[in-house]
Amino acid sequence: MKCLTASSPDCGFCASASNKLLPGACLISDDNVKKTCHGESREWYTRGCPSKFGWLAVVGLALYIIFFSPGMGSVTWIVNSEVYPLRFRGVCGGIAATANWISNLIVAQTFLSLTQAIGTSWTFLTFGVISVVALFFVLVCVPETKGLPIEEIEKMLENRPALHFRF
C-alpha cells in the first residue's frame, strides 16, 4: 500500500528511523503500534506523508498566477467590457462578475466532495470536459472584435441574432 492511499484512521506509517521524510511500512493504527513508533523517536503519520518537494507545489502555483494573470486571466474582463451595449455595460458587467464568482464558488464547494465520491482523476476529467465545452462555445459563438471601434462592435452585436454561430 502506498503512503498517500492509506489516509484512513485504521492505517498509519511509522517514519524511518534514519530520515523522517522516508515512511516506513503501512501499519495498523492502534495505541500499541503508535507507542512503539514514538518510543523509537520516530514520527507517526496517518494523513499522508511529509515530502521534501512541498516547495515545488508553491513554486508551481506562483508560476501559474504570474503567467495566467496578464494573459488569459484578463481576457474575460476585456471581452466583458466590449460585448455589451454602452447603456447596459455597467449592469451586464456586474451580472457577469457575479456569475464568475458563483462559478468559482461552485467549483470550490464541489471539488472535495467530488474527489471523495468519484476520485481525483475523474474530478479533474469532469472539470476538464466542462472547460473544453466552454472553450468550444467561445470559439463558435463569441465574435471577433479585434481592431474594431466600440461603436462598430455595438452595431454588430445589435444586429446579431440571440445565438449566432461564427461558422
# chains A, B, ... in the order shown; residues from 1 in each chain; ligands from 1
call {"tool": "select_by_dssp", "arguments": {"residues": "region 39-162 of chain A", "states": "alpha helix (DSSP H)", "output": "PDB file with C-alpha atoms, in the first residue's frame"}}
result
ATOM      1  CA  GLY A  39       9.234   5.080  21.718  1.00  0.00           C
ATOM      2  CA  GLY A  54       6.370  20.537  -0.960  1.00  0.00           C
ATOM      3  CA  TRP A  55       8.021  23.771  -2.094  1.00  0.00           C
ATOM      4  CA  LEU A  56       7.554  22.616  -5.697  1.00  0.00           C
ATOM      5  CA  ALA A  57       3.763  22.981  -5.385  1.00  0.00           C
ATOM      6  CA  VAL A  58       4.141  26.545  -4.099  1.00  0.00           C
ATOM      7  CA  VAL A  59       6.528  27.466  -6.929  1.00  0.00           C
ATOM      8  CA  GLY A  60       4.171  25.902  -9.482  1.00  0.00           C
ATOM      9  CA  LEU A  61       1.220  27.846  -8.117  1.00  0.00           C
ATOM     10  CA  ALA A  62       3.204  31.092  -8.168  1.00  0.00           C
ATOM     11  CA  LEU A  63       4.284  30.498 -11.785  1.00  0.00           C
ATOM     12  CA  TYR A  64       0.699  29.749 -12.784  1.00  0.00           C
ATOM     13  CA  ILE A  65      -0.515  33.010 -11.242  1.00  0.00           C
ATOM     14  CA  ILE A  66       2.349  35.013 -12.764  1.00  0.00           C
ATOM     15  CA  PHE A  67       1.659  33.766 -16.288  1.00  0.00           C
ATOM     16  CA  PHE A  68      -2.142  33.497 -16.123  1.00  0.00           C
ATOM     17  CA  MET A  72      -5.776  34.623 -20.193  1.00  0.00           C
ATOM     18  CA  GLY A  73      -6.831  35.914 -16.784  1.00  0.00           C
ATOM     19  CA  SER A  74      -7.652  39.338 -18.170  1.00  0.00           C
ATOM     20  CA  VAL A  75      -9.311  38.177 -21.412  1.00  0.00           C
ATOM     21  CA  THR A  76     -12.647  37.567 -19.719  1.00  0.00           C
ATOM     22  CA  TRP A  77     -12.795  41.097 -18.379  1.00  0.00           C
ATOM     23  CA  ILE A  78     -11.668  42.648 -21.671  1.00  0.00           C
ATOM     24  CA  VAL A  79     -14.333  40.789 -23.651  1.00  0.00           C
ATOM     25  CA  ASN A  80     -16.860  41.758 -20.975  1.00  0.00           C
ATOM     26  CA  SER A  81     -16.096  45.421 -21.484  1.00  0.00           C
ATOM     27  CA  GLU A  82     -16.625  45.160 -25.249  1.00  0.00           C
ATOM     28  CA  VAL A  83     -19.642  42.959 -25.893  1.00  0.00           C
ATOM     29  CA  ARG A  89     -22.444  47.849 -19.785  1.00  0.00           C
ATOM     30  CA  GLY A  90     -22.425  48.519 -16.031  1.00  0.00           C
ATOM     31  CA  VAL A  91     -25.336  46.220 -15.186  1.00  0.00           C
ATOM     32  CA  CYS A  92     -24.215  43.436 -17.529  1.00  0.00           C
ATOM     33  CA  GLY A  93     -20.629  43.662 -16.287  1.00  0.00           C
ATOM     34  CA  GLY A  94     -21.906  43.275 -12.722  1.00  0.00           C
ATOM     35  CA  ILE A  95     -24.041  40.281 -13.682  1.00  0.00           C
ATOM     36  CA  ALA A  96     -21.062  38.687 -15.474  1.00  0.00           C
ATOM     37  CA  ALA A  97     -18.774  39.262 -12.468  1.00  0.00           C
ATOM     38  CA  THR A  98     -21.390  37.739 -10.160  1.00  0.00           C
ATOM     39  CA  ALA A  99     -21.761  34.720 -12.462  1.00  0.00           C
ATOM     40  CA  ASN A 100     -17.980  34.336 -12.491  1.00  0.00           C
ATOM     41  CA  TRP A 101     -17.723  34.326  -8.696  1.00  0.00           C
ATOM     42  CA  ILE A 102     -20.711  31.986  -8.333  1.00  0.00           C
ATOM     43  CA  SER A 103     -18.997  29.587 -10.755  1.00  0.00           C
ATOM     44  CA  ASN A 104     -15.820  29.798  -8.663  1.00  0.00           C
ATOM     45  CA  LEU A 105     -17.874  29.086  -5.545  1.00  0.00           C
ATOM     46  CA  ILE A 106     -19.480  26.026  -7.162  1.00  0.00           C
ATOM     47  CA  VAL A 107     -16.079  24.626  -8.120  1.00  0.00           C
ATOM     48  CA  ALA A 108     -14.637  25.296  -4.665  1.00  0.00           C
ATOM     49  CA  GLN A 109     -17.620  23.772  -2.859  1.00  0.00           C
ATOM     50  CA  THR A 110     -17.892  20.654  -5.024  1.00  0.00           C
ATOM     51  CA  PHE A 111     -14.234  19.801  -5.576  1.00  0.00           C
ATOM     52  CA  LEU A 112     -13.545  17.913  -2.334  1.00  0.00           C
ATOM     53  CA  SER A 113     -16.923  16.146  -2.371  1.00  0.00           C
ATOM     54  CA  LEU A 114     -16.391  15.035  -5.961  1.00  0.00           C
ATOM     55  CA  THR A 115     -12.847  13.932  -5.181  1.00  0.00           C
ATOM     56  CA  GLN A 116     -14.116  11.712  -2.367  1.00  0.00           C
ATOM     57  CA  ALA A 117     -17.094  10.413  -4.361  1.00  0.00           C
ATOM     58  CA  ILE A 118     -15.520   9.702  -7.769  1.00  0.00           C
ATOM     59  CA  THR A 120      -9.211  12.692  -8.145  1.00  0.00           C
ATOM     60  CA  SER A 121      -8.779  11.630 -11.769  1.00  0.00           C
ATOM     61  CA  TRP A 122     -12.485  11.668 -12.555  1.00  0.00           C
ATOM     62  CA  THR A 123     -12.935  15.003 -10.797  1.00  0.00           C
ATOM     63  CA  PHE A 124     -10.245  16.664 -12.896  1.00  0.00           C
ATOM     64  CA  LEU A 125     -11.615  14.950 -16.004  1.00  0.00           C
ATOM     65  CA  THR A 126     -15.108  16.295 -15.253  1.00  0.00           C
ATOM     66  CA  PHE A 127     -13.865  19.858 -14.813  1.00  0.00           C
ATOM     67  CA  GLY A 128     -11.639  19.459 -17.875  1.00  0.00           C
ATOM     68  CA  VAL A 129     -14.580  18.364 -20.046  1.00  0.00           C
ATOM     69  CA  ILE A 130     -16.619  21.319 -18.804  1.00  0.00           C
ATOM     70  CA  SER A 131     -13.711  23.612 -19.727  1.00  0.00           C
ATOM     71  CA  VAL A 132     -13.402  22.112 -23.226  1.00  0.00           C
ATOM     72  CA  VAL A 133     -17.152  22.540 -23.801  1.00  0.00           C
ATOM     73  CA  ALA A 134     -16.874  26.174 -22.635  1.00  0.00           C
ATOM     74  CA  LEU A 135     -13.887  26.729 -24.948  1.00  0.00           C
ATOM     75  CA  PHE A 136     -15.836  25.280 -27.872  1.00  0.00           C
ATOM     76  CA  PHE A 137     -18.773  27.581 -27.054  1.00  0.00           C
ATOM     77  CA  VAL A 138     -16.465  30.618 -27.014  1.00  0.00           C
ATOM     78  CA  LEU A 139     -14.797  29.630 -30.293  1.00  0.00           C
ATOM     79  CA  VAL A 140     -18.144  29.133 -32.005  1.00  0.00           C
ATOM     80  CA  CYS A 141     -20.307  31.889 -30.526  1.00  0.00           C
ATOM     81  CA  ILE A 150     -16.513  50.231 -29.756  1.00  0.00           C
ATOM     82  CA  GLU A 151     -19.370  51.834 -31.713  1.00  0.00           C
ATOM     83  CA  GLU A 152     -18.936  49.343 -34.572  1.00  0.00           C
ATOM     84  CA  ILE A 153     -18.893  46.433 -32.118  1.00  0.00           C
ATOM     85  CA  GLU A 154     -22.134  47.704 -30.612  1.00  0.00           C
ATOM     86  CA  LYS A 155     -23.805  47.916 -34.055  1.00  0.00           C
ATOM     87  CA  MET A 156     -22.536  44.459 -34.984  1.00  0.00           C
ATOM     88  CA  LEU A 157     -23.948  42.923 -31.810  1.00  0.00           C
ATOM     89  CA  GLU A 158     -27.310  44.756 -32.041  1.00  0.00           C
TER      90      GLU A 158
END
call {"tool": "residues_around", "arguments": {"residues": "Asp30 (chain A)", "least_positions_apart": "4", "cutoff": "10 Å", "atoms": "only C-alpha atoms", "output": "VMD selection string"}}
result
chain A and resid 9 to 12 34 to 35
call {"tool": "atom_distance", "arguments": {"atom1": "CA of Gly147 (chain A)", "atom2": "CA of Pro85 (chain A)"}}
result
17.3 Å
